[in-house]
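Novice: protein31.txt is the file, holding compact mmCIF, C-alpha atoms:
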# COMPACT_ATOMS: atom_id res chain seq x y z
CA MET A 1 -7.66 -41.53 -54.67
CA SER A 2 -6.92 -42.56 -58.25
CA ASP A 3 -5.42 -39.16 -59.07
CA LEU A 4 -3.31 -39.24 -55.91
CA LEU A 5 -1.96 -42.69 -56.76
CA ALA A 6 -1.30 -41.70 -60.36
CA ASP A 7 0.70 -38.63 -59.28
CA ILE A 8 2.73 -40.65 -56.80
CA GLU A 9 3.49 -43.19 -59.52
CA THR A 10 4.60 -40.46 -61.90
CA LEU A 11 7.00 -39.02 -59.35
CA VAL A 12 8.35 -42.38 -58.16
CA ARG A 13 9.05 -43.40 -61.76
CA CYS A 14 11.27 -40.33 -62.15
CA GLU A 15 14.43 -41.42 -60.34
CA SER A 16 16.14 -38.62 -58.41
CA PRO A 17 19.27 -39.62 -56.51
CA SER A 18 20.60 -36.63 -54.58
CA SER A 19 24.02 -36.80 -56.21
CA ASP A 20 22.69 -36.38 -59.76
CA HIS A 21 21.66 -32.76 -60.25
CA GLU A 22 20.19 -33.39 -63.70
CA ALA A 23 18.00 -36.17 -62.35
CA VAL A 24 16.85 -33.96 -59.49
CA ALA A 25 16.03 -31.21 -62.02
CA ARG A 26 13.92 -33.67 -64.04
CA SER A 27 12.11 -34.73 -60.89
CA ALA A 28 11.45 -31.07 -60.09
CA GLU A 29 9.84 -30.59 -63.49
CA VAL A 30 7.59 -33.59 -62.94
CA LEU A 31 6.55 -32.24 -59.57
CA ALA A 32 6.07 -28.73 -60.94
CA GLU A 33 3.63 -30.07 -63.52
CA VAL A 34 1.64 -31.91 -60.84
CA GLY A 35 1.50 -28.73 -58.79
CA ARG A 36 0.53 -26.62 -61.77
CA ARG A 37 -2.41 -28.89 -62.51
CA LEU A 38 -3.60 -29.08 -58.91
CA LEU A 39 -2.90 -25.55 -57.73
CA GLY A 40 -3.21 -23.56 -60.92
CA ALA A 41 0.15 -21.94 -60.29
CA ASP A 42 3.74 -22.44 -61.37
CA PRO A 43 6.36 -22.76 -58.63
CA GLU A 44 9.55 -20.78 -58.36
CA ARG A 45 12.44 -22.90 -59.57
CA ILE A 46 15.34 -22.08 -57.29
CA VAL A 47 18.69 -23.57 -58.31
CA ILE A 48 21.44 -23.38 -55.69
CA ASP A 49 24.82 -25.03 -56.29
CA GLY A 50 23.21 -26.97 -59.13
CA VAL A 51 20.36 -28.35 -57.01
CA THR A 52 16.76 -27.60 -58.04
CA HIS A 53 14.24 -26.65 -55.36
CA LEU A 54 10.58 -25.71 -55.87
CA ARG A 55 8.55 -23.13 -53.96
CA TRP A 56 4.94 -22.03 -54.17
CA ARG A 57 3.80 -18.98 -52.21
CA PHE A 58 0.19 -17.84 -52.10
CA GLY A 59 -1.30 -14.46 -51.29
CA ASP A 60 0.17 -11.03 -50.76
CA GLY A 61 0.11 -11.13 -46.98
CA PRO A 62 2.74 -12.40 -44.55
CA PRO A 63 3.69 -16.12 -44.56
CA ARG A 64 1.63 -18.19 -42.15
CA VAL A 65 2.01 -21.90 -42.91
CA LEU A 66 4.85 -23.84 -44.55
CA LEU A 67 4.49 -27.30 -46.08
CA LEU A 68 8.00 -28.73 -46.25
CA GLY A 69 9.32 -31.76 -48.12
CA HIS A 70 12.03 -33.05 -50.45
CA HIS A 71 12.02 -34.88 -53.78
CA ASP A 72 15.55 -36.32 -53.81
CA THR A 73 16.11 -39.91 -52.68
CA VAL A 74 18.92 -42.22 -51.55
CA TRP A 75 18.13 -44.67 -54.36
CA PRO A 76 20.66 -44.87 -57.25
CA HIS A 77 19.78 -44.96 -60.93
CA GLY A 78 18.43 -48.34 -61.99
CA SER A 79 16.54 -48.92 -58.74
CA LEU A 80 13.25 -49.10 -60.62
CA GLU A 81 14.53 -52.25 -62.31
CA THR A 82 15.22 -53.99 -59.01
CA HIS A 83 12.40 -52.32 -57.03
CA PRO A 84 9.67 -51.61 -59.60
CA PHE A 85 6.70 -49.40 -58.83
CA SER A 86 3.66 -51.47 -57.93
CA VAL A 87 0.34 -51.32 -56.09
CA ARG A 88 -0.74 -54.71 -54.86
CA ASP A 89 -2.92 -55.88 -51.97
CA GLY A 90 -3.26 -52.36 -50.65
CA VAL A 91 0.49 -51.68 -50.57
CA LEU A 92 2.38 -49.27 -52.83
CA ARG A 93 6.05 -49.95 -53.50
CA GLY A 94 8.87 -48.26 -55.34
CA PRO A 95 12.15 -46.48 -54.63
CA GLY A 96 11.57 -43.35 -52.58
CA CYS A 97 7.81 -43.88 -52.27
CA PHE A 98 7.83 -43.75 -48.47
CA ASP A 99 10.75 -41.35 -48.08
CA MET A 100 9.20 -39.21 -49.28
CA LYS A 101 7.67 -38.88 -52.73
CA ALA A 102 4.22 -39.86 -51.52
CA GLY A 103 4.46 -37.11 -48.92
CA VAL A 104 5.22 -34.30 -51.35
CA VAL A 105 2.36 -35.38 -53.62
CA MET A 106 0.08 -35.47 -50.57
CA ALA A 107 1.13 -31.89 -49.77
CA LEU A 108 0.05 -30.68 -53.21
CA HIS A 109 -3.25 -32.56 -53.09
CA ALA A 110 -3.98 -31.26 -49.57
CA ALA A 111 -3.18 -27.67 -50.57
CA ALA A 112 -5.49 -27.99 -53.57
CA THR A 113 -8.47 -28.56 -51.25
CA VAL A 114 -7.80 -25.49 -49.07
CA PRO A 115 -10.26 -22.80 -50.23
CA ASP A 116 -8.19 -19.79 -49.12
CA ARG A 117 -4.43 -20.34 -49.48
CA ASP A 118 -3.42 -16.81 -48.55
CA GLY A 119 -0.31 -17.16 -46.36
CA LEU A 120 0.52 -20.71 -47.45
CA SER A 121 3.98 -21.66 -48.76
CA ILE A 122 5.08 -25.03 -50.12
CA LEU A 123 8.80 -25.77 -50.33
CA VAL A 124 10.16 -28.98 -51.86
CA THR A 125 13.94 -29.24 -51.71
CA GLY A 126 16.35 -31.40 -53.70
CA ASP A 127 19.16 -32.27 -51.29
CA GLU A 128 17.67 -33.29 -47.93
CA GLU A 129 19.10 -36.79 -48.07
CA ILE A 130 22.66 -35.42 -48.05
CA GLY A 131 22.11 -32.94 -45.24
CA SER A 132 20.49 -30.02 -47.11
CA PRO A 133 23.77 -28.20 -47.86
CA SER A 134 22.25 -25.91 -50.49
CA SER A 135 18.73 -25.60 -49.10
CA ARG A 136 19.12 -24.80 -45.41
CA ALA A 137 19.17 -21.02 -45.92
CA LEU A 138 16.20 -21.32 -48.30
CA ILE A 139 14.25 -23.33 -45.74
CA GLU A 140 14.95 -20.80 -43.02
CA GLU A 141 14.10 -17.87 -45.29
CA THR A 142 10.80 -19.44 -46.33
CA ALA A 143 9.86 -20.41 -42.77
CA THR A 144 10.57 -16.98 -41.26
CA GLY A 145 7.45 -15.52 -39.71
CA CYS A 146 5.34 -18.66 -40.11
CA ASP A 147 2.92 -19.81 -37.42
CA ALA A 148 3.49 -23.46 -38.32
CA ALA A 149 5.69 -25.75 -40.39
CA PHE A 150 4.22 -29.10 -41.43
CA VAL A 151 6.85 -31.59 -42.58
CA LEU A 152 5.78 -34.29 -45.02
CA GLU A 153 8.39 -36.83 -44.02
CA ALA A 154 6.96 -40.32 -43.65
CA SER A 155 5.29 -41.30 -40.39
CA ALA A 156 6.89 -43.33 -37.64
CA ASP A 157 5.75 -46.89 -36.90
CA GLY A 158 2.00 -47.28 -36.78
CA GLY A 159 1.41 -43.94 -38.45
CA ALA A 160 2.73 -41.94 -35.51
CA LEU A 161 3.57 -38.28 -36.04
CA LYS A 162 7.17 -37.35 -35.29
CA CYS A 163 6.91 -34.86 -32.45
CA ARG A 164 10.52 -35.03 -31.33
CA ARG A 165 13.70 -35.54 -33.35
CA LYS A 166 17.30 -35.71 -32.29
CA GLY A 167 19.70 -33.03 -33.36
CA VAL A 168 22.69 -34.13 -35.43
CA SER A 169 26.35 -33.11 -35.46
CA HIS A 170 29.10 -34.49 -37.69
CA TYR A 171 32.83 -34.22 -37.03
CA ARG A 172 36.09 -35.40 -38.51
CA VAL A 173 39.05 -35.88 -36.20
CA GLU A 174 42.38 -35.90 -38.03
CA VAL A 175 45.71 -36.85 -36.52
CA ILE A 176 49.09 -35.83 -37.92
CA GLY A 177 51.99 -37.98 -36.76
CA ARG A 178 55.39 -38.76 -38.25
CA ALA A 179 56.27 -41.65 -40.54
CA ALA A 180 59.19 -44.00 -39.91
CA HIS A 181 60.30 -47.47 -40.96
CA ALA A 182 58.36 -49.88 -38.76
CA GLY A 183 61.27 -52.36 -38.64
CA LEU A 184 64.42 -50.23 -38.71
CA GLU A 185 63.55 -47.26 -36.51
CA PRO A 186 59.94 -47.23 -35.28
CA GLU A 187 60.99 -45.11 -32.30
CA LYS A 188 61.60 -42.18 -34.67
CA GLY A 189 57.98 -42.13 -35.73
CA VAL A 190 54.89 -40.66 -34.12
CA ASN A 191 52.22 -43.29 -34.61
CA ALA A 192 49.03 -41.62 -35.82
CA GLY A 193 47.22 -44.94 -35.54
CA ILE A 194 47.88 -45.10 -31.82
CA GLU A 195 46.95 -41.45 -31.38
CA ILE A 196 43.67 -41.88 -33.24
CA SER A 197 42.91 -44.81 -30.94
CA HIS A 198 43.27 -42.50 -27.94
CA GLN A 199 41.02 -39.97 -29.64
CA ILE A 200 38.38 -42.58 -30.47
CA LEU A 201 38.19 -43.60 -26.81
CA ALA A 202 37.95 -39.94 -25.75
CA VAL A 203 35.21 -39.26 -28.28
CA ALA A 204 33.19 -42.33 -27.32
CA ALA A 205 33.37 -41.28 -23.66
CA LEU A 206 31.41 -38.12 -24.50
CA ALA A 207 28.23 -40.14 -24.98
CA ALA A 208 25.57 -39.81 -22.28
CA PRO A 209 23.17 -42.74 -22.70
CA GLY A 210 20.99 -41.58 -19.82
CA ALA A 211 20.34 -38.32 -21.65
CA GLY A 212 19.89 -40.08 -24.98
CA THR A 213 23.15 -38.65 -26.34
CA SER A 214 25.07 -40.91 -28.69
CA VAL A 215 28.60 -40.06 -29.83
CA THR A 216 29.66 -42.71 -32.33
CA PRO A 217 33.03 -43.03 -34.06
CA THR A 218 32.27 -44.42 -37.51
CA VAL A 219 34.68 -44.42 -40.47
CA VAL A 220 38.31 -44.88 -39.38
CA SER A 221 41.46 -44.77 -41.50
CA ALA A 222 45.17 -44.88 -40.72
CA GLY A 223 48.49 -45.67 -42.36
CA THR A 224 49.73 -46.41 -45.84
CA THR A 225 51.84 -49.60 -45.85
CA VAL A 226 52.35 -52.50 -43.48
CA ASN A 227 55.96 -51.55 -42.71
CA THR A 228 55.49 -47.84 -42.10
CA VAL A 229 54.57 -46.06 -38.85
CA PRO A 230 51.33 -44.23 -39.77
CA ALA A 231 51.85 -40.51 -40.33
CA ALA A 232 48.14 -39.71 -40.60
CA ALA A 233 44.84 -41.07 -39.35
CA SER A 234 41.26 -39.93 -39.08
CA VAL A 235 37.87 -40.85 -37.69
CA ALA A 236 34.38 -39.60 -38.53
CA VAL A 237 32.04 -38.98 -35.61
CA ASP A 238 28.24 -39.04 -35.59
CA VAL A 239 26.48 -37.25 -32.70
CA ARG A 240 22.76 -37.43 -31.87
CA VAL A 241 21.13 -35.47 -29.04
CA TRP A 242 17.66 -34.70 -27.71
CA ASN A 243 18.34 -31.13 -26.62
CA GLU A 244 20.44 -28.09 -27.41
CA THR A 245 22.32 -28.19 -24.10
CA GLU A 246 23.74 -31.62 -24.89
CA GLN A 247 24.54 -30.63 -28.45
CA LEU A 248 26.58 -27.65 -27.25
CA ARG A 249 28.30 -29.71 -24.54
CA VAL A 250 29.52 -32.27 -27.04
CA ASP A 251 30.53 -29.57 -29.51
CA ARG A 252 32.72 -27.84 -26.91
CA ALA A 253 34.29 -31.13 -25.85
CA MET A 254 35.06 -32.13 -29.43
CA ARG A 255 36.88 -28.85 -30.01
CA GLU A 256 38.88 -29.32 -26.82
CA LEU A 257 40.40 -32.66 -27.89
CA ARG A 258 44.17 -32.68 -27.42
CA PRO A 259 46.88 -35.17 -28.47
CA VAL A 260 48.17 -37.80 -26.06
CA LEU A 261 51.41 -38.71 -27.85
CA GLU A 262 54.27 -36.24 -27.86
CA GLY A 263 54.73 -34.82 -31.35
CA ALA A 264 51.20 -35.64 -32.56
CA GLU A 265 48.73 -33.04 -33.76
CA VAL A 266 44.94 -33.27 -33.59
CA ARG A 267 42.57 -31.29 -35.83
CA VAL A 268 38.78 -31.28 -35.49
CA THR A 269 36.51 -30.11 -38.28
CA GLY A 270 32.75 -30.20 -38.78
CA GLY A 271 30.14 -29.29 -36.22
CA ILE A 272 26.42 -28.99 -35.63
CA ASN A 273 24.38 -29.97 -38.70
CA ARG A 274 20.78 -29.86 -37.44
CA PRO A 275 19.46 -28.63 -34.09
CA PRO A 276 17.06 -30.91 -32.22
CA LEU A 277 13.34 -30.75 -32.79
CA GLU A 278 12.35 -30.62 -29.15
CA ALA A 279 8.96 -31.67 -27.80
CA GLY A 280 7.84 -28.09 -27.11
CA SER A 281 8.13 -27.24 -30.80
CA SER A 282 5.41 -29.69 -31.76
CA ALA A 283 3.18 -29.91 -28.69
CA GLY A 284 0.52 -27.38 -29.68
CA LEU A 285 0.31 -28.52 -33.29
CA PHE A 286 0.10 -32.16 -32.24
CA ALA A 287 -2.78 -31.33 -29.90
CA LEU A 288 -4.55 -29.64 -32.81
CA ALA A 289 -3.85 -32.64 -35.03
CA GLN A 290 -5.36 -34.95 -32.41
CA GLU A 291 -8.52 -32.85 -32.27
CA LEU A 292 -8.84 -32.74 -36.03
CA ALA A 293 -8.20 -36.48 -36.36
CA GLY A 294 -11.09 -37.08 -33.99
CA GLU A 295 -13.36 -34.76 -35.95
CA LEU A 296 -12.42 -36.50 -39.21
CA GLY A 297 -13.05 -39.95 -37.75
CA LEU A 298 -9.42 -40.99 -38.16
CA GLY A 299 -9.12 -42.54 -34.73
CA GLU A 300 -6.33 -42.15 -32.22
CA LEU A 301 -3.27 -40.33 -33.49
CA PRO A 302 -0.03 -41.55 -31.87
CA SER A 303 3.23 -39.62 -31.54
CA ALA A 304 6.85 -40.74 -31.60
CA SER A 305 10.36 -39.56 -30.77
CA VAL A 306 12.95 -40.58 -33.37
CA GLY A 307 16.71 -40.46 -33.66
CA GLY A 308 16.81 -39.39 -37.29
CA ALA A 309 16.72 -35.74 -38.32
CA SER A 310 14.87 -33.88 -41.07
CA ASP A 311 14.52 -30.36 -42.42
CA GLY A 312 11.94 -29.88 -39.68
CA ASN A 313 14.88 -29.64 -37.28
CA TYR A 314 15.84 -26.38 -38.97
CA THR A 315 12.41 -24.80 -38.62
CA ALA A 316 12.11 -25.97 -35.02
CA GLY A 317 15.56 -24.56 -34.32
CA MET A 318 14.28 -21.17 -35.51
CA GLY A 319 11.44 -21.31 -32.98
CA ILE A 320 8.82 -22.08 -35.63
CA PRO A 321 6.16 -24.51 -34.32
CA THR A 322 6.86 -27.68 -36.28
CA LEU A 323 5.02 -30.98 -36.70
CA ASP A 324 6.75 -33.78 -38.60
CA GLY A 325 5.85 -37.21 -39.96
CA LEU A 326 2.66 -36.05 -41.68
CA GLY A 327 3.46 -37.93 -44.89
CA ALA A 328 2.83 -41.52 -45.87
CA VAL A 329 2.12 -44.38 -43.50
CA GLY A 330 4.20 -47.45 -44.24
CA GLY A 331 7.79 -48.43 -43.59
CA GLY A 332 11.17 -49.49 -44.92
CA ALA A 333 12.70 -46.10 -45.66
CA HIS A 334 15.98 -46.56 -47.60
CA ALA A 335 15.49 -50.36 -47.54
CA ASP A 336 14.38 -53.12 -49.89
CA HIS A 337 10.96 -53.33 -48.24
CA GLU A 338 10.11 -49.61 -48.59
CA HIS A 339 6.34 -49.32 -48.93
CA VAL A 340 3.25 -47.17 -48.38
CA VAL A 341 -0.14 -48.26 -47.03
CA VAL A 342 -2.57 -47.12 -49.73
CA ALA A 343 -5.65 -46.86 -47.50
CA GLU A 344 -3.95 -44.25 -45.32
CA LEU A 345 -3.10 -41.88 -48.17
CA PRO A 346 -6.49 -40.08 -48.41
CA ARG A 347 -6.90 -40.10 -44.63
CA ARG A 348 -3.55 -38.43 -43.99
CA THR A 349 -4.06 -36.01 -46.86
CA ALA A 350 -7.37 -34.95 -45.34
CA LEU A 351 -5.69 -34.43 -41.95
CA LEU A 352 -3.00 -32.27 -43.51
CA ALA A 353 -5.54 -30.17 -45.36
CA ALA A 354 -7.49 -29.66 -42.14
CA LEU A 355 -4.36 -28.62 -40.28
CA VAL A 356 -3.45 -26.07 -42.94
CA GLU A 357 -6.95 -24.65 -43.13
CA ASN A 358 -7.32 -24.40 -39.36
CA VAL A 359 -3.96 -22.77 -38.71
CA LEU A 360 -4.59 -20.28 -41.50
CA ALA A 361 -7.90 -19.57 -39.74
CA LYS A 362 -5.95 -19.15 -36.45
CA ARG A 363 -7.60 -22.08 -34.71
CA SER A 364 -5.79 -23.34 -31.62
CA PRO A 365 -6.12 -26.68 -29.84
CA SER A 366 -8.26 -26.73 -26.72
CA GLY A 367 -6.54 -24.83 -23.94
CA ALA A 368 -3.81 -23.35 -26.14
CA THR A 369 -3.33 -19.72 -27.05
CA ASN A 370 -1.79 -20.33 -30.49
CA PRO A 371 -1.45 -23.30 -32.84
CA ALA A 372 1.82 -24.36 -31.22
CA GLY A 373 1.09 -23.57 -27.62
CA GLU A 374 3.06 -20.97 -25.68
CA SER A 375 6.37 -22.77 -26.20
CA GLY A 376 6.11 -22.37 -29.95
CA THR A 377 7.20 -18.74 -30.00
CA ALA A 378 9.75 -18.70 -27.22
CA ARG A 379 12.81 -18.75 -29.48
CA ARG A 380 11.71 -16.55 -32.37
With the file now loaded, output its structure as structure tokens.

Specialist:
Amino acid sequence: MSDLLADIETLVRCESPSSDHEAVARSAEVLAEVGRRLLGADPERIVIDGVTHLRWRFGDGPPRVLLLGHHDTVWPHGSLETHPFSVRDGVLRGPGCFDMKAGVVMALHAAATVPDRDGLSILVTGDEEIGSPSSRALIEETATGCDAAFVLEASADGGALKCRRKGVSHYRVEVIGRAAHAGLEPEKGVNAGIEISHQILAVAALAAPGAGTSVTPTVVSAGTTVNTVPAAASVAVDVRVWNETEQLRVDRAMRELRPVLEGAEVRVTGGINRPPLEAGSSAGLFALAQELAGELGLGELPSASVGGASDGNYTAGMGIPTLDGLGAVGGGAHADHEHVVVAELPRRTALLAALVENVLAKRSPSGATNPAGESGTARR
């Protein structure tokens, strides 16, 4: 436990906001040293578009199991001054501790206890918090052919594993109108502000609350001065869905948006960012985790469905059986009260190690034919 806490402290004290590539590179070096000590192996340092990612791969055989995490955070430089690292009354605090520096350290410690790592890969990326723009292809390459992907994102409330995640799409709707003097000849203008209002209502109507689909207009801008008919306007749109069918429905509808005002133009950019992690992707692995938790004396292991996405959405979208939320137990991700429950760290690390060892040994949960159940290979 003391070594685990010390390694988490070392990583938390190395600030790594996603936007600062040099800081992320420093964090990667800290993590590489931890891994070198625990695993006896140096990682590959993979720099894509300036972002440093780390990958360990063991054995000469085909890939079997992927441990997936990220070492970048949403916290800006100087956060350690306002949110210092501490361990007090069984609670660990510090910027990025819960999301998800504790999780990546747990992955290395768990892997270190696995006697035969042949077929194991560990990938720690450096840009998850901004949507994984440079690492998506790397994640998919590393996951290809795996029997399981275990994602070290923090747990849901009460230590629940994240067995279902919404897919995410991001769009930008831009309107081109025509400027005119708002007092002298407003009729000669094409008001982009009015047109974007029509588009916002059309976009919001695409939501399907009964299906769990949210379509949310967020950042809106229009106009330049108070006495000018706006010639341009835009709105950002956040979409969250539980299944691929809904994601494709909204995507088609967004691309079919048309102007209401004569003379206005509407342009839609963006699209699907992460596919959903659907329940079938995690069912078999969660059943195995429940069995192992019982054998380890960890008690009941709850599951959760969450609206946020992770890199596990990518592996699930490939058809790779994926179980998420295996990292720290605590709360307050991205918030002032971010924290980790210390007592759960060795327990969850032991569970992760058992999952890796058992999947590498081709153990399935009771009644299943593979570690993810039959649904886990349907989309490979």

Novice: Calculated over all atoms listed in the file, which of the candidates A:Glu278, A:Asp118, A:Asp99, A:Glu140 has the smallest distance to Gly330 (chain A)?

Specialist: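 Under the stated criterion, the closest residue is A:Asp99.
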
Novice: One decimal, Å: what's the distance from CA of Val342 (chain A) over to CA of Arg88 (chain A), could you say?

Specialist: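 Distance between the two atoms: 9.3 Å.
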
Novice: Which residues are close to region 310-325 of chain A, i.e. within 9 Å by only C-alpha atoms, leaving aside same-chain residues fewer than 4 positions away? Reply as JSON, numbers by chain.

Specialist: {"A": [68, 69, 70, 128, 129, 131, 132, 136, 139, 140, 143, 144, 145, 146, 147, 148, 149, 150, 151, 152, 153, 154, 155, 156, 159, 160, 161, 162, 163, 164, 165, 166, 167, 274, 275, 276, 277, 278, 280, 281, 282, 283, 284, 285, 286, 329, 371, 372, 373, 375, 376, 377, 378, 379, 380]}

Novice: Would you mind exporting the chosen residues as a compact mmCIF listing (two decimals), in the frame of the given file, restricted to C-alpha atoms?

Specialist:
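The result, written out as out29.txt:
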# COMPACT_ATOMS: atom_id res chain seq x y z
CA LEU A 68 8.00 -28.73 -46.25
CA GLY A 69 9.32 -31.76 -48.12
CA HIS A 70 12.03 -33.05 -50.45
CA GLU A 128 17.67 -33.29 -47.93
CA GLU A 129 19.10 -36.79 -48.07
CA GLY A 131 22.11 -32.94 -45.24
CA SER A 132 20.49 -30.02 -47.11
CA ARG A 136 19.12 -24.80 -45.41
CA ILE A 139 14.25 -23.33 -45.74
CA GLU A 140 14.95 -20.80 -43.02
CA ALA A 143 9.86 -20.41 -42.77
CA THR A 144 10.57 -16.98 -41.26
CA GLY A 145 7.45 -15.52 -39.71
CA CYS A 146 5.34 -18.66 -40.11
CA ASP A 147 2.92 -19.81 -37.42
CA ALA A 148 3.49 -23.46 -38.32
CA ALA A 149 5.69 -25.75 -40.39
CA PHE A 150 4.22 -29.10 -41.43
CA VAL A 151 6.85 -31.59 -42.58
CA LEU A 152 5.78 -34.29 -45.02
CA GLU A 153 8.39 -36.83 -44.02
CA ALA A 154 6.96 -40.32 -43.65
CA SER A 155 5.29 -41.30 -40.39
CA ALA A 156 6.89 -43.33 -37.64
CA GLY A 159 1.41 -43.94 -38.45
CA ALA A 160 2.73 -41.94 -35.51
CA LEU A 161 3.57 -38.28 -36.04
CA LYS A 162 7.17 -37.35 -35.29
CA CYS A 163 6.91 -34.86 -32.45
CA ARG A 164 10.52 -35.03 -31.33
CA ARG A 165 13.70 -35.54 -33.35
CA LYS A 166 17.30 -35.71 -32.29
CA GLY A 167 19.70 -33.03 -33.36
CA ARG A 274 20.78 -29.86 -37.44
CA PRO A 275 19.46 -28.63 -34.09
CA PRO A 276 17.06 -30.91 -32.22
CA LEU A 277 13.34 -30.75 -32.79
CA GLU A 278 12.35 -30.62 -29.15
CA GLY A 280 7.84 -28.09 -27.11
CA SER A 281 8.13 -27.24 -30.80
CA SER A 282 5.41 -29.69 -31.76
CA ALA A 283 3.18 -29.91 -28.69
CA GLY A 284 0.52 -27.38 -29.68
CA LEU A 285 0.31 -28.52 -33.29
CA PHE A 286 0.10 -32.16 -32.24
CA VAL A 329 2.12 -44.38 -43.50
CA PRO A 371 -1.45 -23.30 -32.84
CA ALA A 372 1.82 -24.36 -31.22
CA GLY A 373 1.09 -23.57 -27.62
CA SER A 375 6.37 -22.77 -26.20
CA GLY A 376 6.11 -22.37 -29.95
CA THR A 377 7.20 -18.74 -30.00
CA ALA A 378 9.75 -18.70 -27.22
CA ARG A 379 12.81 -18.75 -29.48
CA ARG A 380 11.71 -16.55 -32.37

Novice: Go through A:Ser18, A:Ser303, A:Thr228, A:Ser27 and flag the residue nearest Pro133 (chain A), using all atoms listed in the file for the distances.

Specialist: A:Ser18

Novice: Which polymer residues have any atom within 12 Å of an atom of Val219 (chain A), counting all atoms listed in the file, with same-chain residues fewer than 6 positions away left out, as a list in words?

Specialist: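 Surrounding residues, per the criterion: His170, Tyr171, Arg172, Val173, Glu174, Ile196, Ile200, Ala233, Ser234, Val235, Ala236, Val237 and Asp238 of chain A.
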
Novice: Would you please work out which residue, of A:Ala180, A:Glu357, A:Gly189, A:Trp242, is nearest to Pro209 (chain A) when using all atoms listed in the file?

Specialist: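 Looking at the shortest contact to Pro209 (chain A), the residue is A:Trp242.
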
Novice: I want to know what sits within 7 Å of Glu15 (chain A), based on all atoms listed in the file, with residues of the same chain fewer than 3 positions away left out; could you give that as a ChimeraX atom specification?

Specialist: /A:12,23,77

Novice: Write the residues of the preceding selection, restricted to C-alpha atoms, as a compact mmCIF listing (two decimals), in the coordinates of the input.

Specialist:
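Resulting contents of result04.txt:
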# COMPACT_ATOMS: atom_id res chain seq x y z
CA VAL A 12 8.35 -42.38 -58.16
CA ALA A 23 18.00 -36.17 -62.35
CA HIS A 77 19.78 -44.96 -60.93

Novice: Between CA of Val24 (chain A) and CA of Ala102 (chain A), measure the distance and give it in Å to one decimal.

Specialist: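 Calculated distance between CA of Val24 (chain A) and CA of Ala102 (chain A) is 16.1 Å.
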
Novice: Go ahead and compute the interatomic distance for CA of Glu344 (chain A) and CA of Gly40 (chain A), in Å to one decimal.

Specialist: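 So the two atoms, CA of Glu344 (chain A) and CA of Gly40 (chain A), lie 25.9 Å apart.
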
Novice: Smallest atom-to-atom distance to Ile46 (chain A): which of A:Gly126, A:Gly299, A:Gly294, A:Gly271, using all atoms listed in the file?

Specialist: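 The shortest atom-to-atom distance to Ile46 (chain A) comes from A:Gly126.
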
Novice: Counting all atoms listed in the file, note down every residue that has an atom within 9 Å of the point (1.5, -48.5, -55.8) (file coordinates), as an mmCIF file with C-alpha atoms, in the coordinates of the input.

Specialist:
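The file below, result-v3.cif, is the result:
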data_model
loop_
_atom_site.group_PDB
_atom_site.id
_atom_site.type_symbol
_atom_site.label_atom_id
_atom_site.label_comp_id
_atom_site.auth_asym_id
_atom_site.auth_seq_id
_atom_site.Cartn_x
_atom_site.Cartn_y
_atom_site.Cartn_z
ATOM 1 C CA LEU A 5 -1.960 -42.690 -56.760
ATOM 2 C CA ALA A 6 -1.300 -41.700 -60.360
ATOM 3 C CA ILE A 8 2.730 -40.650 -56.800
ATOM 4 C CA GLU A 9 3.490 -43.190 -59.520
ATOM 5 C CA PHE A 85 6.700 -49.400 -58.830
ATOM 6 C CA SER A 86 3.660 -51.470 -57.930
ATOM 7 C CA VAL A 87 0.340 -51.320 -56.090
ATOM 8 C CA ARG A 88 -0.740 -54.710 -54.860
ATOM 9 C CA GLY A 90 -3.260 -52.360 -50.650
ATOM 10 C CA VAL A 91 0.490 -51.680 -50.570
ATOM 11 C CA LEU A 92 2.380 -49.270 -52.830
ATOM 12 C CA ARG A 93 6.050 -49.950 -53.500
ATOM 13 C CA GLY A 94 8.870 -48.260 -55.340
ATOM 14 C CA CYS A 97 7.810 -43.880 -52.270
ATOM 15 C CA HIS A 339 6.340 -49.320 -48.930
ATOM 16 C CA VAL A 340 3.250 -47.170 -48.380
ATOM 17 C CA VAL A 341 -0.140 -48.260 -47.030
ATOM 18 C CA VAL A 342 -2.570 -47.120 -49.730
#

Novice: Using all atoms listed in the file, which of the listed residues (A:Ser79, A:Asn191, A:Thr10, A:Thr213) sits closest to Val229 (chain A)?

Specialist: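 Using all atoms listed in the file, the shortest distance to Val229 (chain A) belongs to A:Asn191.
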
Novice: Using all atoms listed in the file, can you tell me which of A:Val239, A:Ala137, A:Leu201, A:Ala192 comes closest to Gly307 (chain A)?

Specialist: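 Going through A:Val239, A:Ala137, A:Leu201, A:Ala192 one by one, the smallest distance to Gly307 (chain A) is for A:Val239.
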
Novice: Enumerate, as a count of residues only, the protein, DNA and RNA residues whose atoms approach (47.9, -34.8, -36.0) to within 7 Å, taking into account all atoms listed in the file and the coordinate frame of the file.

Specialist: 10

Novice: Per residue of region 276-372 of chain A within 10 Å of region 56-64 of chain A, note the shortest atom pair and the distance in Å to one decimal, counting only C-alpha atoms, and order the rows by chain and increasing residue number, as JSON lines.

Specialist:
{"residue": "A:Val356", "atom": "CA", "partner": "A:Arg64", "partner_atom": "CA", "distance": 9.4}
{"residue": "A:Val359", "atom": "CA", "partner": "A:Arg64", "partner_atom": "CA", "distance": 8.0}
{"residue": "A:Leu360", "atom": "CA", "partner": "A:Arg64", "partner_atom": "CA", "distance": 6.6}
{"residue": "A:Ala361", "atom": "CA", "partner": "A:Arg64", "partner_atom": "CA", "distance": 9.9}
{"residue": "A:Lys362", "atom": "CA", "partner": "A:Arg64", "partner_atom": "CA", "distance": 9.5}

Novice: Write a file of the selected residues as a compact mmCIF listing (two decimals), keeping the file's coordinate frame, keeping C-alpha atoms.

Specialist:
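Written out: result.txt:
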# COMPACT_ATOMS: atom_id res chain seq x y z
CA VAL A 356 -3.45 -26.07 -42.94
CA VAL A 359 -3.96 -22.77 -38.71
CA LEU A 360 -4.59 -20.28 -41.50
CA ALA A 361 -7.90 -19.57 -39.74
CA LYS A 362 -5.95 -19.15 -36.45
